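Remarks on the structure that follows.
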Amino acid sequence: MTRVRAVGLPRWLLVPAALGVTLVLLPLVAMVLRVPWTDFPALVSGESAQEALWLSLRTSALSTVLCVLLGVPMAMVLARTSFRGQSVLRSLVLVPLVLPPVVGGIALLYTFGRQGLLGESLELLGIRVAFSTAAVVLAQTFVALPFLVLSLEGSLRTAGERYDVVAASLGASPSTVFRRVTIPLTLPGLVSGAVLAFARALGEFGATITFAGSLEGVTRTLPLEVYLLRESDPDGAVALSLLLVVVAVVVIGATRQGRAPR
Amino acid sequence: MSTSPAPVPRHGLEVDVRLEDRDVELALRLAPGETLAVLGPNGAGKSTLLATIAGLLRPDRGTVTLGGREVSGPHAWLAPHRRRVALLSQEPLLFPHLDVLDNVAFGPRSAGAGRREARETARRWLTEVGVEDLAGRRPGSLSGGQAQRVAVARALAADPDLLLLDEPMAALDVSVAPALRQVLRRVLAGRSTVLVTHDVLDALLLADRVVVLEAGRVVEDGPTGDVLTRPRSAFAARVAGLNLLAGRWEDGVRTPEGRLVHGSVVGPQPEPGQEMVAVFRPEAVSVFDHAPGGSPRNVFEVTITELEPAGGVVRVRAGALAADVTTRAVPDLDLVPGSRATFTVKATEVSVYLASANPT
């Protein structure tokens, strides 16, 4: 059986579509062409490279967990309640999406930095956030959170409340409905939101370097390492860039694979 | 918790509510163990009624009382999941991520039963509605009739004090609806149930009592047999397949269009000016292409609006009136929509009674 589309694609659309694909793929190809394959194992197994990779994976995983813990309740509030000023709140929550990451980093510095809004109080408690690994996680969570909220809110709205109503009429408390119906039904949206958040955290650069600095083994994540090597060791920078691409593709591929076909 | 299939009638229902922005004002009662059919045209307020009872809508004024306890009111509010009111809609809405058994076990689990005990209960209810062999299936692989049976089992397994059914047969194929109706007839007996339906068969087979809603108000309320044989509203008459003309009494029923309908008065002799209805069967109506003379008859000059085959005869509709004629008569009388005809019915075939069951 061959399915024929009732409304065909206008042929001319193919030209800009192909241009777009080229724009995305060509730089990757150019980069891969520059990879010094003979030195590659040595370049990516260097101590500072390994340290940066390990730091990136740890912080990105942690900030993804934070995004889920904070973002799922946020999405629920945005999708399942209505109150005055809700649309304003939604726009504000999504600000990190459009904010230049450097600006986000400065904002975080003025919040958690030594002279920041909360920094002084935290300092009294003996907690220093800025220029620590915790700052990396905070910066990544700050920029990645909107991706998860946006994705999950969309699938909450698509799923609608009909199943929730049925569950409640069967005697399920709001917590039970949330745990046994709402979350299972919107799991695909939650997973893709978490994947997006992880990818965004993994690539985070601007907010991190502004707020957390670039201390080897503490705050120097893979993107920072790549930026640092860019002039002193171009071959190393290219090799690590490829590593970053591979990690991102593997993560996205693994989660896509894990999803049950509908 | 006890979830034996033997129903225990224990909870009645009283509704007396007003919802301003929907212009709905309803008052009705349900005795414990009674099945009440709610009939009415689209937009009459049937779904609003169910949503109000289930706690999905909060009335602006008035109260909903369940088993003697006020659950909606100016000073009381019980969350939907605490009402023990199960809602079954047109669509089965089985949870797609759970298999059939766990769908049915959902209610007992939510009430605190252990997994094993809940599944035990679920299996019993699946057997009760005749689909125990589907226990391991995913909802997506069921037919509409199977899914709706599972939904019935799921609602009953939650052991509700009150069951709300919102046109449970409406989305089903006509070939499977009778089987589900039989299942419902068995499991609803003695169980407090409010059943919203379009179908006179549902009312006849499942309900003890019928209320008819029109424009957000209860226009009829009585035992099923009474409402369907002696309808007082246009909708109930239409559902029961009867002709109904309403008007004021002046030695006959004077309709707003000025027709005077003669018939035999049932019940107390009316006072002039009282609101009355004249009701007669379509089979009692004769159709002519010219006005006949002779015996005392009611004569209506009409324009045919619709013809529909109805079990060996043809039902000829002219606005609110319907007449049954033989198939032969249709070409003989040249009956087509738009043509003029004369409907006559003998006064002895027309029942005339008060338009309000409880005149004040």
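Each chain of the structure tokens is named A, B, ... in the order shown, its residues numbered from 1; ligands are numbered from 1 in display order.
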Exercise. Near Glu153 (chain A), counting only C-alpha atoms, which residues have an atom at most 8 Å away, once you skip same-chain residues fewer than 3 positions from it, shown as an NGL selection string?
Worked result: :A and (75-76 or 78-79 or 149-150 or 156-157)
Exercise. Any idea what's packed within 7 Å of Leu245 (chain B), counting only C-alpha atoms, ignoring anything in its chain fewer than 3 positions away? Could you give it as a PyMOL selection string?
Worked result: chain B and resi 255+277-279
Compute the chain B side of the contact with chain A at 7 Å, counting only C-alpha atoms, and hand it back as a tab-separated table (two decimals) with N, CA and C atoms, in the first residue's frame.
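Output (iface_34.tsv):
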chain	number	residue	atom	x	y	z
B	80	PRO	N	-14.51	16.61	44.64
B	80	PRO	CA	-15.08	15.52	43.83
B	80	PRO	C	-14.63	14.13	44.28
B	81	HIS	N	-13.34	13.99	44.63
B	81	HIS	CA	-12.87	12.64	44.92
B	81	HIS	C	-13.35	12.13	46.27
B	82	ARG	N	-13.95	13.00	47.08
B	82	ARG	CA	-14.47	12.55	48.38
B	82	ARG	C	-15.98	12.28	48.32
B	84	ARG	N	-17.73	10.11	46.51
B	84	ARG	CA	-18.14	8.74	46.19
B	84	ARG	C	-19.21	8.76	45.10
B	85	VAL	N	-18.97	9.61	44.11
B	85	VAL	CA	-19.87	9.70	42.96
B	85	VAL	C	-19.04	9.35	41.73
B	86	ALA	N	-19.35	8.24	41.09
B	86	ALA	CA	-18.58	7.84	39.90
B	86	ALA	C	-19.29	8.33	38.65
B	87	LEU	N	-18.50	8.81	37.72
B	87	LEU	CA	-19.02	9.42	36.51
B	87	LEU	C	-18.61	8.58	35.31
B	93	LEU	N	-12.97	6.51	28.17
B	93	LEU	CA	-11.84	7.19	28.83
B	93	LEU	C	-11.07	6.25	29.75
B	95	PHE	N	-7.79	4.61	31.13
B	95	PHE	CA	-6.42	5.14	31.19
B	95	PHE	C	-5.54	4.36	30.21
B	97	HIS	N	-2.42	4.10	29.78
B	97	HIS	CA	-1.15	3.54	30.22
B	97	HIS	C	-1.32	2.34	31.15
B	107	GLY	N	-10.00	2.34	41.16
B	107	GLY	CA	-10.84	2.85	42.24
B	107	GLY	C	-10.50	2.22	43.59
B	110	SER	N	-7.23	3.49	44.85
B	110	SER	CA	-7.31	4.85	45.37
B	110	SER	C	-7.96	4.89	46.75
B	111	ALA	N	-8.83	3.90	47.01
B	111	ALA	CA	-9.50	3.86	48.31
B	111	ALA	C	-8.60	3.22	49.36
B	155	ALA	N	-16.17	1.91	37.02
B	155	ALA	CA	-16.98	2.81	37.84
B	155	ALA	C	-17.57	2.07	39.03
B	158	ALA	N	-15.27	1.09	42.02
B	158	ALA	CA	-14.95	2.16	42.97
B	158	ALA	C	-15.98	2.22	44.10
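Proximity to Asp102 (chain B) at 9 Å, evaluated using only C-alpha atoms and with sequence-adjacent residues fewer than 5 positions away removed, yields Ala118, Arg119, Ala122, Ala135 and Gly136 of chain B.
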Write out the residues from the selection above, keeping N, CA and C atoms, as a PDB file, in the first residue's frame.
ATOM      1  N   ALA B 118      -7.121  -5.217  45.330  1.00  0.00           N
ATOM      2  CA  ALA B 118      -7.758  -4.373  44.324  1.00  0.00           C
ATOM      3  C   ALA B 118      -7.960  -5.153  43.025  1.00  0.00           C
ATOM      4  N   ARG B 119      -6.960  -5.958  42.658  1.00  0.00           N
ATOM      5  CA  ARG B 119      -7.089  -6.735  41.416  1.00  0.00           C
ATOM      6  C   ARG B 119      -8.158  -7.814  41.549  1.00  0.00           C
ATOM      7  N   ALA B 122     -11.315  -6.079  41.011  1.00  0.00           N
ATOM      8  CA  ALA B 122     -11.415  -5.735  39.595  1.00  0.00           C
ATOM      9  C   ALA B 122     -11.847  -6.950  38.779  1.00  0.00           C
ATOM     10  N   ALA B 135      -8.885  -8.969  30.704  1.00  0.00           N
ATOM     11  CA  ALA B 135      -8.128  -8.388  31.817  1.00  0.00           C
ATOM     12  C   ALA B 135      -6.727  -7.907  31.448  1.00  0.00           C
ATOM     13  N   GLY B 136      -6.024  -8.664  30.619  1.00  0.00           N
ATOM     14  CA  GLY B 136      -4.636  -8.309  30.324  1.00  0.00           C
ATOM     15  C   GLY B 136      -4.458  -7.379  29.137  1.00  0.00           C
TER      16      GLY B 136
END
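The shell of residues at most 9 Å from Gly145 (chain B), with only C-alpha atoms counted and near chain neighbours (fewer than 3 positions) removed, consists of Leu142, Gln148, Arg149, Val150, Met169, Leu172, Asp173, Val176, Ala177, Ala179 and Leu180 of chain B.
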What's around Val64 (chain B) at 9 Å? Count only C-alpha atoms, leave out sequence neighbours fewer than 3 positions away in its own chain, and write the answer as a PDB file with C-alpha atoms, in the first residue's frame.
ATOM      1  CA  LEU B  13     -29.728  12.663  46.340  1.00  0.00           C
ATOM      2  CA  GLU B  14     -31.306  16.071  46.544  1.00  0.00           C
ATOM      3  CA  VAL B  15     -30.456  18.812  44.099  1.00  0.00           C
ATOM      4  CA  ASP B  16     -31.753  22.349  44.310  1.00  0.00           C
ATOM      5  CA  VAL B  17     -29.331  24.619  42.525  1.00  0.00           C
ATOM      6  CA  THR B  52     -22.867  19.945  39.541  1.00  0.00           C
ATOM      7  CA  ILE B  53     -23.597  16.659  41.302  1.00  0.00           C
ATOM      8  CA  PRO B  59     -23.593  26.305  41.874  1.00  0.00           C
ATOM      9  CA  ARG B  69     -24.863  15.302  53.717  1.00  0.00           C
ATOM     10  CA  GLU B  70     -24.578  18.690  52.028  1.00  0.00           C
ATOM     11  CA  VAL B  71     -21.761  18.389  49.487  1.00  0.00           C
ATOM     12  CA  SER B  72     -22.273  21.639  47.549  1.00  0.00           C
ATOM     13  CA  GLY B  73     -23.739  24.709  49.101  1.00  0.00           C
TER      14      GLY B  73
END
For this session: Show which residues sit within 9 Å of Val218 (chain B), as a ChimeraX atom specification. Count only C-alpha atoms, and ignore same-chain residues fewer than 2 positions away.
Result: /B:25-28,211-216,220-221
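Our summary of the geometry notes that CA of Ala113 (chain B) is positioned 19.5 Å from CA of Thr127 (chain B).
In this model, the gap between CA of Glu301 (chain B) and CA of Phe288 (chain B) comes to 9.7 Å.
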